[in-house]
Amino acid sequence: MNIFAYEIKSSLKSALIWAIALVAVLAALMLGAYPSYSDAKDQILSLLSNYPPEFLAAFGMKSNTLFSYGGFYSFAFAYLGLMGAIMASSVSISVFSREKRFKCTDFLLTKPVSRPFVFFAKFFAVLLVILAVSAVYIAAGIIFYKSAADDSVTLQRYFIALTGFFFNQLFFVGLGVFYATFAKKVRSVSAAANAIGFAAFITSALAALLEDAKLEYLAPPKYFEPLTVIETGSFDTGLVAAAALIFVLCVGLSFYRYCKSDTVAV
Amino acid sequence: MLRRELKTGRRAFLLWTFGLFFIVVAGLTKFTGFAGNTEVLKIFDDFPKIVLAVFGMVGVDVSTLPGFYAILAFYSIICAVIYGISLGANAVNRESIDKTYEFIFTKPRSRFYVINIKLLGGIIYLTAFCLLNLLFSFAATALQGIENTISEQMVLFSVAMWLISFLFFMLCVFLSALINKPEKGAQAANAVFLLSFLIGMAYDILENAAFLRYFAPLKYFSYGEVLSGTLNTKFIIICLVASFIFYTAASLIFSKKDLLD
């Protein structure tokens with residue numbers, strides 16, 4: 001319990017800052033920017049009405065979806081998912097590499113607790129932090145939905161789309177734990193977290209740019225793409241399965257490694 | 001000593017180069033050259049910025065090679081900036097984090113000399129990274145058999161990449177020197193980058209937000225300007241001057257800094 005409480009305590013301040021930043025960006029986009037976006041809709045549609053429908057199709061513009069509240073959230077999620085990914089990686093790397101960074105692994109392991117216990121204490125601490133931040137995010141998302149949404153997307157679907165934020169974070173916890181337990185040295189938590197987050201952002205942007213469905217399997221933020229939920233009511237099964245598999249593998253291998261690895265005494 | 005610095009950074013450099021290779025080469029080989037219809041694209045000029053941003057069309061037509069390359073270049077630049085930040089953090093803080101600084105600073109060399117050698121190592125890697133970006137771009141287009149009509153612009157994008165990542169490199173060096181706890185410096189620099197990235201997004205979606213551009217180095221050299229063959233002189237100067245100020249301040253602080261944790 002001590003380890004759990006300690007890890008929660010040390011993540012508290014950054015989690016609070018992240019929660020505020022996430023809600024601020026969500027508000028700026030969904031409350032601030034969305035109204036002007038939806039105002040532009042009529043103007044665009046009248047411009048486009050001079051063109052044949054094949055034209056729209058050629059540009060991949062499903063104007064109905066894209067101009068809706070859900071479509072705009074999908075755009076916003078590219079950025080919010082990136083922030084969530086960086087946050088989740090940084091919390092998990094920070095927690096799991098703490099003893100490595102301060103060169104005190106041997107100290108922790110002299111305590112009368114088993115290694116699996118330490119691992120799970122840390123893991124559940126990270127989980128709780130992520131869960132709390134995601135809950136704030138989802139609550140904020142619903143409040144903003146009530147005040148600004150059009151009727152193009154039902155609350156139920158929008159809610160599922162919002163939970164994608166949590167699952168996305170959960171996935172990055174898996175990657176972060178994996179990195180922290182397998183890296184020989186963790187010099188900077190923020191550098192690693194930023195690199196992981198932006199790498200994922202770039203691959204998912206590339207997947208969208210190249211319109212390559214296979215590339216989406218390499219692009220974590222696409223696993224829980226809001227647009228899929230808004231259009232079909234659920235996430236893409238294949239992508240979710242891939243995410244779950246990678247997550248279980250990462251955490252499982254990390255657990256094994258954490259319990260078995262030799263510890264360097266300093 | 002420089003040789004040692006370069007040796008410690010080799011593995012990270014290879015990893016980052018691999019990432020860059022993925023973006024540039026995988027990206028360009030995927031480019032099939034959709035038939036660009038410039039006439040149709042004119043109507044986009046009338047669209048509000050926010051709509052274009054959502055559609056992912058900020059000032060370029062991705063169906064042509066220049067536009068497509070511009071988007072790839074944007075991602076490569078993000079890559080370079082994050083790499084630059086980690087190089088900057090390592091130059092200043094690696095010895096403190098590894099707890100070897102007591103050893104290096106007993107050598108008969110001034111602090112100023114030591115930090116400059118370390119910065120030089122970082123700059124060499126960063127420059128090599130930008131040159132490789134150029135090399136990959138040329139190689140990928142050649143391999144693909146795409147007629148390379150934009151070699152001049154590719155050079156400009158690499159220069160822009162260097163300027164922006166160098167700015168963040170120096171910013172991180174400055175923050176790392178300024179802030180006493182080793183990890184906090186890098187954290188601050190990474191936070192600044194994320195913030196400037198989000199400001200860049202705001203700049204893209206807001207109509208009257210020209211002033212935001214000063215806070216978003218990623219937007220200093222816009223696609224349109226680079227593709228028409230110029231880099232914005234004002235922003236080149238801002239990059240260089242700001243980098244120089246960060247460098248001077250960092251050197252001064254580092255020479256006097258208390259290195260105890």
# chains A, B, ... in the order shown; residues from 1 in each chain; ligands from 1
$ interface_residues --of "chain A" --to "chain B" --cutoff "9 Å" --atoms "only C-alpha atoms" --output "VMD selection string"
chain A and resid 25 33 36 to 37 40 to 41 43 to 44 47 to 48 55 61 66 to 67 71 to 72 75 to 76 79 83 101 to 102 187 to 192 194 to 195 198 to 199 202 to 203 205 to 206 209 to 210
$ write_last_selection --atoms "C-alpha atoms" --output "tab-separated table (two decimals), in the first residue's frame"
chain	number	residue	atom	x	y	z
A	25	VAL	CA	-7.75	22.28	-25.11
A	33	ALA	CA	-13.67	26.68	-32.40
A	36	SER	CA	-17.32	29.01	-36.18
A	37	TYR	CA	-16.62	25.74	-37.96
A	40	ALA	CA	-18.83	27.86	-42.17
A	41	LYS	CA	-20.80	24.78	-43.20
A	43	GLN	CA	-21.01	28.75	-46.94
A	44	ILE	CA	-18.98	25.72	-47.99
A	47	LEU	CA	-19.75	26.74	-52.79
A	48	LEU	CA	-19.66	23.01	-53.33
A	55	PHE	CA	-16.08	15.87	-56.99
A	61	MET	CA	-15.21	14.48	-48.27
A	66	LEU	CA	-17.05	15.94	-41.51
A	67	PHE	CA	-19.18	18.95	-40.78
A	71	GLY	CA	-16.48	14.83	-37.27
A	72	PHE	CA	-14.97	17.84	-35.62
A	75	PHE	CA	-10.17	16.25	-35.78
A	76	ALA	CA	-9.73	17.43	-32.20
A	79	TYR	CA	-4.36	16.53	-30.85
A	83	MET	CA	-1.59	14.85	-25.40
A	101	ARG	CA	16.78	6.82	-12.40
A	102	PHE	CA	17.70	7.39	-8.80
A	187	ARG	CA	17.85	9.58	-18.57
A	188	SER	CA	14.85	11.71	-19.29
A	189	VAL	CA	11.22	10.72	-18.82
A	190	SER	CA	9.83	13.67	-20.75
A	191	ALA	CA	12.09	13.10	-23.75
A	192	ALA	CA	11.03	9.45	-24.02
A	194	ASN	CA	7.43	13.04	-26.12
A	195	ALA	CA	9.21	10.80	-28.60
A	198	PHE	CA	4.86	12.18	-31.43
A	199	ALA	CA	6.02	9.00	-33.16
A	202	ILE	CA	3.24	11.02	-37.03
A	203	THR	CA	2.47	7.44	-38.01
A	205	ALA	CA	-1.00	11.20	-39.70
A	206	LEU	CA	0.95	9.26	-42.34
A	209	LEU	CA	-2.28	10.88	-45.64
A	210	LEU	CA	-1.43	7.71	-47.51
$ residues_around --residues "B:Lys118" --least-positions-apart "5" --cutoff "12 Å" --atoms "only C-alpha atoms" --output "mmCIF file with N, CA and C atoms, in the first residue's frame"
data_model
loop_
_atom_site.group_PDB
_atom_site.id
_atom_site.type_symbol
_atom_site.label_atom_id
_atom_site.label_comp_id
_atom_site.auth_asym_id
_atom_site.auth_seq_id
_atom_site.Cartn_x
_atom_site.Cartn_y
_atom_site.Cartn_z
ATOM 1 N N MET B 1 38.036 14.382 -26.627
ATOM 2 C CA MET B 1 36.791 14.506 -25.874
ATOM 3 C C MET B 1 35.583 14.586 -26.796
ATOM 4 N N LEU B 2 35.784 15.318 -27.905
ATOM 5 C CA LEU B 2 34.701 15.391 -28.876
ATOM 6 C C LEU B 2 34.384 14.000 -29.397
ATOM 7 N N ARG B 3 35.441 13.214 -29.606
ATOM 8 C CA ARG B 3 35.222 11.879 -30.149
ATOM 9 C C ARG B 3 34.373 11.052 -29.181
ATOM 10 N N ARG B 4 34.645 11.213 -27.897
ATOM 11 C CA ARG B 4 33.879 10.481 -26.883
ATOM 12 C C ARG B 4 32.412 10.889 -26.889
ATOM 13 N N GLU B 5 32.197 12.201 -27.037
ATOM 14 C CA GLU B 5 30.827 12.706 -27.084
ATOM 15 C C GLU B 5 30.064 12.080 -28.247
ATOM 16 N N LEU B 6 30.770 12.037 -29.395
ATOM 17 C CA LEU B 6 30.116 11.497 -30.585
ATOM 18 C C LEU B 6 29.819 10.015 -30.400
ATOM 19 N N LYS B 7 30.720 9.327 -29.705
ATOM 20 C CA LYS B 7 30.518 7.903 -29.524
ATOM 21 C C LYS B 7 29.284 7.618 -28.661
ATOM 22 N N THR B 8 29.104 8.404 -27.603
ATOM 23 C CA THR B 8 27.957 8.141 -26.722
ATOM 24 C C THR B 8 26.638 8.440 -27.420
ATOM 25 N N GLY B 9 26.679 9.304 -28.426
ATOM 26 C CA GLY B 9 25.423 9.661 -29.066
ATOM 27 C C GLY B 9 25.082 8.817 -30.272
ATOM 28 N N LEU B 87 19.178 16.034 -27.660
ATOM 29 C CA LEU B 87 20.616 16.305 -27.775
ATOM 30 C C LEU B 87 21.026 17.418 -26.822
ATOM 31 N N GLY B 88 20.195 18.471 -26.770
ATOM 32 C CA GLY B 88 20.506 19.602 -25.901
ATOM 33 C C GLY B 88 20.531 19.175 -24.447
ATOM 34 N N ALA B 89 19.537 18.382 -24.055
ATOM 35 C CA ALA B 89 19.464 17.941 -22.665
ATOM 36 C C ALA B 89 20.667 17.064 -22.327
ATOM 37 N N ASN B 90 21.047 16.189 -23.267
ATOM 38 C CA ASN B 90 22.187 15.316 -23.012
ATOM 39 C C ASN B 90 23.487 16.096 -22.894
ATOM 40 N N ALA B 91 23.636 17.125 -23.748
ATOM 41 C CA ALA B 91 24.876 17.890 -23.731
ATOM 42 C C ALA B 91 25.098 18.497 -22.350
ATOM 43 N N VAL B 92 24.031 19.047 -21.771
ATOM 44 C CA VAL B 92 24.209 19.730 -20.494
ATOM 45 C C VAL B 92 24.157 18.764 -19.315
ATOM 46 N N ASN B 93 23.246 17.800 -19.395
ATOM 47 C CA ASN B 93 22.925 17.062 -18.171
ATOM 48 C C ASN B 93 23.393 15.624 -18.093
ATOM 49 N N ARG B 94 23.914 15.085 -19.192
ATOM 50 C CA ARG B 94 24.217 13.666 -19.152
ATOM 51 C C ARG B 94 25.160 13.318 -18.006
ATOM 52 N N GLU B 95 26.206 14.129 -17.839
ATOM 53 C CA GLU B 95 27.182 13.816 -16.799
ATOM 54 C C GLU B 95 26.559 13.905 -15.406
ATOM 55 N N ILE B 104 34.629 14.522 -14.772
ATOM 56 C CA ILE B 104 35.010 15.352 -15.922
ATOM 57 C C ILE B 104 35.467 16.741 -15.505
ATOM 58 N N ARG B 111 35.068 25.018 -17.559
ATOM 59 C CA ARG B 111 33.679 24.624 -17.777
ATOM 60 C C ARG B 111 33.220 25.040 -19.171
ATOM 61 N N PHE B 112 33.631 26.259 -19.536
ATOM 62 C CA PHE B 112 33.231 26.824 -20.818
ATOM 63 C C PHE B 112 33.681 25.921 -21.959
ATOM 64 N N TYR B 113 34.914 25.449 -21.850
ATOM 65 C CA TYR B 113 35.453 24.579 -22.878
ATOM 66 C C TYR B 113 34.662 23.266 -22.940
ATOM 67 N N ILE B 123 25.603 19.602 -32.081
ATOM 68 C CA ILE B 123 25.356 20.307 -33.346
ATOM 69 C C ILE B 123 25.756 19.438 -34.533
ATOM 70 N N ILE B 124 26.862 18.709 -34.373
ATOM 71 C CA ILE B 124 27.290 17.832 -35.472
ATOM 72 C C ILE B 124 26.201 16.801 -35.781
ATOM 73 N N TYR B 125 25.665 16.191 -34.728
ATOM 74 C CA TYR B 125 24.618 15.197 -34.951
ATOM 75 C C TYR B 125 23.363 15.811 -35.575
ATOM 76 N N VAL B 173 19.193 23.657 -24.170
ATOM 77 C CA VAL B 173 20.484 23.863 -23.503
ATOM 78 C C VAL B 173 20.338 24.960 -22.448
ATOM 79 N N SER B 251 25.902 29.522 -21.655
ATOM 80 C CA SER B 251 27.332 29.436 -21.359
ATOM 81 C C SER B 251 27.660 30.162 -20.067
#
$ residues_around --residues "stretch 136-142 of chain A" --least-positions-apart "6" --cutoff "9 Å" --atoms "only C-alpha atoms" --output "short mmCIF file (atom, residue, chain, number, x, y, z; two decimals) with N, CA and C atoms, in the first residue's frame"
data_model
loop_
_atom_site.label_atom_id
_atom_site.label_comp_id
_atom_site.auth_asym_id
_atom_site.auth_seq_id
_atom_site.Cartn_x
_atom_site.Cartn_y
_atom_site.Cartn_z
N ALA A 19 -4.62 17.26 -16.52
CA ALA A 19 -6.09 17.28 -16.59
C ALA A 19 -6.57 18.67 -16.97
N LEU A 22 -5.73 19.32 -20.65
CA LEU A 22 -6.59 18.57 -21.56
C LEU A 22 -7.98 19.19 -21.66
N VAL A 23 -8.55 19.53 -20.49
CA VAL A 23 -9.88 20.12 -20.51
C VAL A 23 -9.84 21.48 -21.20
N LEU A 26 -9.68 20.83 -24.92
CA LEU A 26 -10.99 20.30 -25.35
C LEU A 26 -12.01 21.43 -25.42
N ALA A 27 -12.00 22.29 -24.39
CA ALA A 27 -12.95 23.41 -24.37
C ALA A 27 -12.67 24.37 -25.51
N MET A 30 -13.87 22.38 -28.78
CA MET A 30 -15.28 21.99 -28.92
C MET A 30 -16.24 23.13 -28.57
N LEU A 155 -25.81 11.00 -27.92
CA LEU A 155 -24.94 11.08 -26.75
C LEU A 155 -24.27 9.74 -26.50
N TYR A 158 -21.42 9.31 -28.86
CA TYR A 158 -20.39 10.27 -28.54
C TYR A 158 -19.65 9.84 -27.27
N PHE A 159 -20.40 9.27 -26.32
CA PHE A 159 -19.78 8.80 -25.09
C PHE A 159 -18.78 7.68 -25.39
N LEU A 162 -15.76 9.13 -26.71
CA LEU A 162 -14.95 9.76 -25.67
C LEU A 162 -14.14 8.74 -24.87
N THR A 163 -14.75 7.55 -24.63
CA THR A 163 -14.01 6.55 -23.86
C THR A 163 -12.77 6.10 -24.62
N PHE A 165 -10.55 7.84 -25.57
CA PHE A 165 -9.43 8.57 -24.97
C PHE A 165 -8.78 7.75 -23.86
N PHE A 166 -9.62 7.12 -23.04
CA PHE A 166 -9.08 6.29 -21.95
C PHE A 166 -8.34 5.08 -22.50
#
$ residues_around --residues "B:Phe136" --least-positions-apart "5" --cutoff "8 Å" --atoms "only C-alpha atoms" --output "list in words"
Phe21, Val24 and Val25 of chain B
$ residues_around --residues "B:Ala128" --least-positions-apart "6" --cutoff "10 Å" --atoms "only C-alpha atoms" --output "list in words"
Phe13, Thr17, Gly122, Leu134 and Trp162 of chain B
$ select_by_dssp --residues "stretch 54-111 of chain B" --states "alpha helix (DSSP H)" --output "ChimeraX atom specification"
/B:54,65-97,101-104,111
$ residues_around --residues "stretch 123-127 of chain A" --least-positions-apart "2" --cutoff "9 Å" --atoms "only C-alpha atoms" --output "JSON, numbers by chain"
{"A": [3, 4, 5, 6, 7, 8, 11, 88, 91, 92, 95, 96, 118, 119, 120, 121, 129, 130, 131, 132, 170, 173, 177]}
$ write_last_selection --atoms "N, CA and C atoms" --output "PDB file, in the first residue's frame"
ATOM      1  N   ILE A   3       3.778   1.696  -1.385  1.00  0.00           N
ATOM      2  CA  ILE A   3       4.309   1.974  -2.718  1.00  0.00           C
ATOM      3  C   ILE A   3       3.227   2.625  -3.570  1.00  0.00           C
ATOM      4  N   PHE A   4       2.040   2.025  -3.494  1.00  0.00           N
ATOM      5  CA  PHE A   4       0.895   2.545  -4.244  1.00  0.00           C
ATOM      6  C   PHE A   4       0.658   4.020  -3.902  1.00  0.00           C
ATOM      7  N   ALA A   5       0.583   4.301  -2.606  1.00  0.00           N
ATOM      8  CA  ALA A   5       0.312   5.673  -2.163  1.00  0.00           C
ATOM      9  C   ALA A   5       1.440   6.616  -2.580  1.00  0.00           C
ATOM     10  N   TYR A   6       2.667   6.113  -2.479  1.00  0.00           N
ATOM     11  CA  TYR A   6       3.810   6.953  -2.823  1.00  0.00           C
ATOM     12  C   TYR A   6       3.777   7.330  -4.298  1.00  0.00           C
ATOM     13  N   GLU A   7       3.488   6.345  -5.157  1.00  0.00           N
ATOM     14  CA  GLU A   7       3.476   6.619  -6.597  1.00  0.00           C
ATOM     15  C   GLU A   7       2.334   7.568  -6.963  1.00  0.00           C
ATOM     16  N   ILE A   8       1.189   7.372  -6.309  1.00  0.00           N
ATOM     17  CA  ILE A   8       0.079   8.278  -6.574  1.00  0.00           C
ATOM     18  C   ILE A   8       0.480   9.704  -6.193  1.00  0.00           C
ATOM     19  N   SER A  11       2.759  11.372  -8.621  1.00  0.00           N
ATOM     20  CA  SER A  11       2.201  11.685  -9.950  1.00  0.00           C
ATOM     21  C   SER A  11       1.110  12.737  -9.867  1.00  0.00           C
ATOM     22  N   ALA A  88       0.160   9.631 -20.685  1.00  0.00           N
ATOM     23  CA  ALA A  88       0.158   8.240 -20.215  1.00  0.00           C
ATOM     24  C   ALA A  88       1.564   7.665 -20.240  1.00  0.00           C
ATOM     25  N   VAL A  91       3.651   9.297 -17.337  1.00  0.00           N
ATOM     26  CA  VAL A  91       3.327   8.787 -15.998  1.00  0.00           C
ATOM     27  C   VAL A  91       3.891   7.374 -15.825  1.00  0.00           C
ATOM     28  N   SER A  92       3.658   6.520 -16.822  1.00  0.00           N
ATOM     29  CA  SER A  92       4.071   5.135 -16.637  1.00  0.00           C
ATOM     30  C   SER A  92       5.592   5.001 -16.654  1.00  0.00           C
ATOM     31  N   VAL A  95       6.899   6.293 -13.260  1.00  0.00           N
ATOM     32  CA  VAL A  95       6.671   5.392 -12.137  1.00  0.00           C
ATOM     33  C   VAL A  95       7.567   4.148 -12.226  1.00  0.00           C
ATOM     34  N   PHE A  96       7.656   3.584 -13.417  1.00  0.00           N
ATOM     35  CA  PHE A  96       8.379   2.321 -13.517  1.00  0.00           C
ATOM     36  C   PHE A  96       9.897   2.481 -13.634  1.00  0.00           C
ATOM     37  N   VAL A 118       5.377  -5.331  -5.886  1.00  0.00           N
ATOM     38  CA  VAL A 118       5.859  -3.991  -6.259  1.00  0.00           C
ATOM     39  C   VAL A 118       5.333  -3.622  -7.636  1.00  0.00           C
ATOM     40  N   PHE A 119       5.461  -4.582  -8.558  1.00  0.00           N
ATOM     41  CA  PHE A 119       5.030  -4.317  -9.932  1.00  0.00           C
ATOM     42  C   PHE A 119       3.555  -3.917  -9.967  1.00  0.00           C
ATOM     43  N   PHE A 120       2.725  -4.705  -9.271  1.00  0.00           N
ATOM     44  CA  PHE A 120       1.297  -4.398  -9.346  1.00  0.00           C
ATOM     45  C   PHE A 120       0.930  -3.144  -8.570  1.00  0.00           C
ATOM     46  N   ALA A 121       1.634  -2.876  -7.494  1.00  0.00           N
ATOM     47  CA  ALA A 121       1.371  -1.626  -6.765  1.00  0.00           C
ATOM     48  C   ALA A 121       1.602  -0.443  -7.691  1.00  0.00           C
ATOM     49  N   VAL A 129      -4.327   6.843 -11.815  1.00  0.00           N
ATOM     50  CA  VAL A 129      -4.072   8.208 -12.291  1.00  0.00           C
ATOM     51  C   VAL A 129      -4.713   8.412 -13.663  1.00  0.00           C
ATOM     52  N   ILE A 130      -4.475   7.428 -14.555  1.00  0.00           N
ATOM     53  CA  ILE A 130      -5.009   7.517 -15.910  1.00  0.00           C
ATOM     54  C   ILE A 130      -6.539   7.546 -15.885  1.00  0.00           C
ATOM     55  N   LEU A 131      -7.086   6.670 -15.037  1.00  0.00           N
ATOM     56  CA  LEU A 131      -8.537   6.567 -14.948  1.00  0.00           C
ATOM     57  C   LEU A 131      -9.136   7.888 -14.475  1.00  0.00           C
ATOM     58  N   ALA A 132      -8.502   8.492 -13.477  1.00  0.00           N
ATOM     59  CA  ALA A 132      -9.017   9.747 -12.932  1.00  0.00           C
ATOM     60  C   ALA A 132      -8.981  10.842 -13.990  1.00  0.00           C
ATOM     61  N   LEU A 170      -4.542   3.952 -22.014  1.00  0.00           N
ATOM     62  CA  LEU A 170      -4.210   2.648 -21.468  1.00  0.00           C
ATOM     63  C   LEU A 170      -3.169   1.957 -22.345  1.00  0.00           C
ATOM     64  N   VAL A 173       0.135   3.354 -21.695  1.00  0.00           N
ATOM     65  CA  VAL A 173       0.682   2.879 -20.424  1.00  0.00           C
ATOM     66  C   VAL A 173       1.455   1.592 -20.687  1.00  0.00           C
ATOM     67  N   VAL A 177       5.364   1.265 -19.802  1.00  0.00           N
ATOM     68  CA  VAL A 177       5.861   0.278 -18.852  1.00  0.00           C
ATOM     69  C   VAL A 177       6.933  -0.575 -19.516  1.00  0.00           C
TER      70      VAL A 177
END
$ atom_distance --atom1 "atom CA of B:Ala12" --atom2 "atom CA of B:Gly121"
12.9 Å
$ residues_around --residues "A:Leu227" --least-positions-apart "5" --cutoff "12 Å" --atoms "only C-alpha atoms" --output "list in words"
Lys62, Thr65, Leu66, Phe67, Ser68, Tyr69, Gly70, Gly71, Phe72, Tyr73, Ser74, Phe75, Ala76, Phe77, Ala78, Val153, Arg157, Tyr158, Ile160, Ala161, Leu162, Gly164, Pro221, Lys222, Thr232, Gly233, Ser234, Phe235 and Asp236 of chain A
$ write_last_selection --atoms "N, CA and C atoms" --output "compact mmCIF listing (two decimals), in the first residue's frame"
# COMPACT_ATOMS: atom_id res chain seq x y z
N LYS A 62 -16.82 13.31 -46.99
CA LYS A 62 -18.20 12.97 -46.68
C LYS A 62 -18.72 14.16 -45.88
N THR A 65 -20.60 13.88 -42.47
CA THR A 65 -19.87 13.48 -41.27
C THR A 65 -18.88 14.55 -40.86
N LEU A 66 -18.14 15.03 -41.86
CA LEU A 66 -17.05 15.94 -41.51
C LEU A 66 -17.55 17.23 -40.89
N PHE A 67 -18.70 17.68 -41.32
CA PHE A 67 -19.18 18.95 -40.78
C PHE A 67 -19.96 18.79 -39.48
N SER A 68 -20.13 17.54 -39.07
CA SER A 68 -20.91 17.34 -37.85
C SER A 68 -20.04 17.53 -36.62
N TYR A 69 -20.70 17.53 -35.48
CA TYR A 69 -20.00 17.66 -34.21
C TYR A 69 -19.00 16.52 -34.03
N GLY A 70 -19.45 15.31 -34.34
CA GLY A 70 -18.59 14.15 -34.20
C GLY A 70 -17.37 14.23 -35.12
N GLY A 71 -17.58 14.69 -36.33
CA GLY A 71 -16.48 14.83 -37.27
C GLY A 71 -15.43 15.79 -36.75
N PHE A 72 -15.92 16.86 -36.15
CA PHE A 72 -14.97 17.84 -35.62
C PHE A 72 -14.24 17.27 -34.41
N TYR A 73 -14.95 16.47 -33.61
CA TYR A 73 -14.26 15.85 -32.47
C TYR A 73 -13.15 14.93 -32.96
N SER A 74 -13.41 14.26 -34.07
CA SER A 74 -12.39 13.38 -34.62
C SER A 74 -11.12 14.16 -34.98
N PHE A 75 -11.31 15.37 -35.51
CA PHE A 75 -10.17 16.25 -35.78
C PHE A 75 -9.47 16.62 -34.48
N ALA A 76 -10.29 17.00 -33.48
CA ALA A 76 -9.73 17.43 -32.20
C ALA A 76 -8.97 16.28 -31.53
N PHE A 77 -9.48 15.05 -31.74
CA PHE A 77 -8.87 13.91 -31.07
C PHE A 77 -7.44 13.66 -31.54
N ALA A 78 -7.11 14.06 -32.76
CA ALA A 78 -5.74 13.91 -33.23
C ALA A 78 -4.80 14.60 -32.25
N VAL A 153 -25.04 13.48 -33.79
CA VAL A 153 -24.48 12.31 -33.13
C VAL A 153 -25.18 12.14 -31.79
N ARG A 157 -23.35 7.37 -28.63
CA ARG A 157 -22.21 7.15 -29.52
C ARG A 157 -21.06 8.08 -29.16
N TYR A 158 -21.42 9.31 -28.86
CA TYR A 158 -20.39 10.27 -28.54
C TYR A 158 -19.65 9.84 -27.27
N ILE A 160 -19.17 6.75 -26.24
CA ILE A 160 -18.24 5.67 -26.60
C ILE A 160 -16.99 6.25 -27.25
N ALA A 161 -17.22 7.24 -28.13
CA ALA A 161 -16.07 7.87 -28.78
C ALA A 161 -15.16 8.50 -27.74
N LEU A 162 -15.76 9.13 -26.71
CA LEU A 162 -14.95 9.76 -25.67
C LEU A 162 -14.14 8.74 -24.87
N GLY A 164 -12.75 6.29 -25.94
CA GLY A 164 -11.57 5.98 -26.72
C GLY A 164 -10.34 6.67 -26.16
N PRO A 221 -2.95 5.88 -32.19
CA PRO A 221 -4.14 6.70 -31.98
C PRO A 221 -5.30 6.31 -32.91
N LYS A 222 -4.98 5.58 -33.98
CA LYS A 222 -6.04 5.15 -34.90
C LYS A 222 -6.83 3.96 -34.34
N THR A 232 -20.33 4.09 -37.04
CA THR A 232 -20.86 2.73 -36.94
C THR A 232 -21.36 2.36 -35.55
N GLY A 233 -21.01 3.11 -34.54
CA GLY A 233 -21.49 2.80 -33.19
C GLY A 233 -20.51 2.00 -32.36
N SER A 234 -19.42 1.50 -32.98
CA SER A 234 -18.43 0.79 -32.17
C SER A 234 -17.06 0.96 -32.82
N PHE A 235 -16.02 0.58 -32.05
CA PHE A 235 -14.67 0.68 -32.59
C PHE A 235 -14.43 -0.44 -33.59
N ASP A 236 -13.38 -0.27 -34.39
CA ASP A 236 -12.99 -1.29 -35.36
C ASP A 236 -12.45 -2.51 -34.61
$ closest_residue --among "B:Leu14, B:Leu218, B:Met154, B:Val241" --to "B:Leu131" --atoms "only C-alpha atoms"
B:Met154
$ atom_distance --atom1 "atom CA of A:Thr181" --atom2 "atom CA of A:Ala193"
14.1 Å
$ atom_distance --atom1 "atom CA of A:Lys185" --atom2 "atom CA of A:Tyr223"
29.6 Å
$ decode --residues "stretch 213-225 of chain A" --atoms "N, CA and C atoms" --output "CSV table (one decimal), in the first residue's frame"
chain,number,residue,atom,x,y,z
A,213,ALA,N,-4.7,1.4,-45.0
A,213,ALA,CA,-5.4,0.7,-43.8
A,213,ALA,C,-4.4,-0.1,-43.0
A,214,LYS,N,-3.4,-0.7,-43.7
A,214,LYS,CA,-2.5,-1.5,-43.0
A,214,LYS,C,-1.6,-0.7,-42.1
A,215,LEU,N,-1.3,0.5,-42.5
A,215,LEU,CA,-0.5,1.3,-41.7
A,215,LEU,C,-1.2,1.7,-40.4
A,216,GLU,N,-2.5,1.7,-40.4
A,216,GLU,CA,-3.2,2.0,-39.2
A,216,GLU,C,-2.9,1.1,-38.0
A,217,TYR,N,-2.4,-0.1,-38.3
A,217,TYR,CA,-2.1,-1.1,-37.3
A,217,TYR,C,-0.8,-0.6,-36.6
A,218,LEU,N,0.0,0.2,-37.3
A,218,LEU,CA,1.2,0.7,-36.7
A,218,LEU,C,1.0,2.1,-36.0
A,219,ALA,N,-0.3,2.6,-36.1
A,219,ALA,CA,-0.5,3.9,-35.6
A,219,ALA,C,-1.5,3.9,-34.4
A,220,PRO,N,-1.0,3.8,-33.2
A,220,PRO,CA,-1.9,3.6,-32.1
A,220,PRO,C,-3.1,4.6,-31.9
A,221,PRO,N,-2.9,5.9,-32.2
A,221,PRO,CA,-4.1,6.7,-32.0
A,221,PRO,C,-5.3,6.3,-32.9
A,222,LYS,N,-5.0,5.6,-34.0
A,222,LYS,CA,-6.0,5.1,-34.9
A,222,LYS,C,-6.8,4.0,-34.3
A,223,TYR,N,-6.3,3.3,-33.4
A,223,TYR,CA,-6.9,2.1,-32.8
A,223,TYR,C,-8.3,2.5,-32.3
A,224,PHE,N,-8.4,3.7,-31.7
A,224,PHE,CA,-9.7,4.1,-31.1
A,224,PHE,C,-10.2,5.4,-31.8
A,225,GLU,N,-10.2,5.3,-33.1
A,225,GLU,CA,-10.6,6.5,-33.9
A,225,GLU,C,-12.0,6.8,-33.6
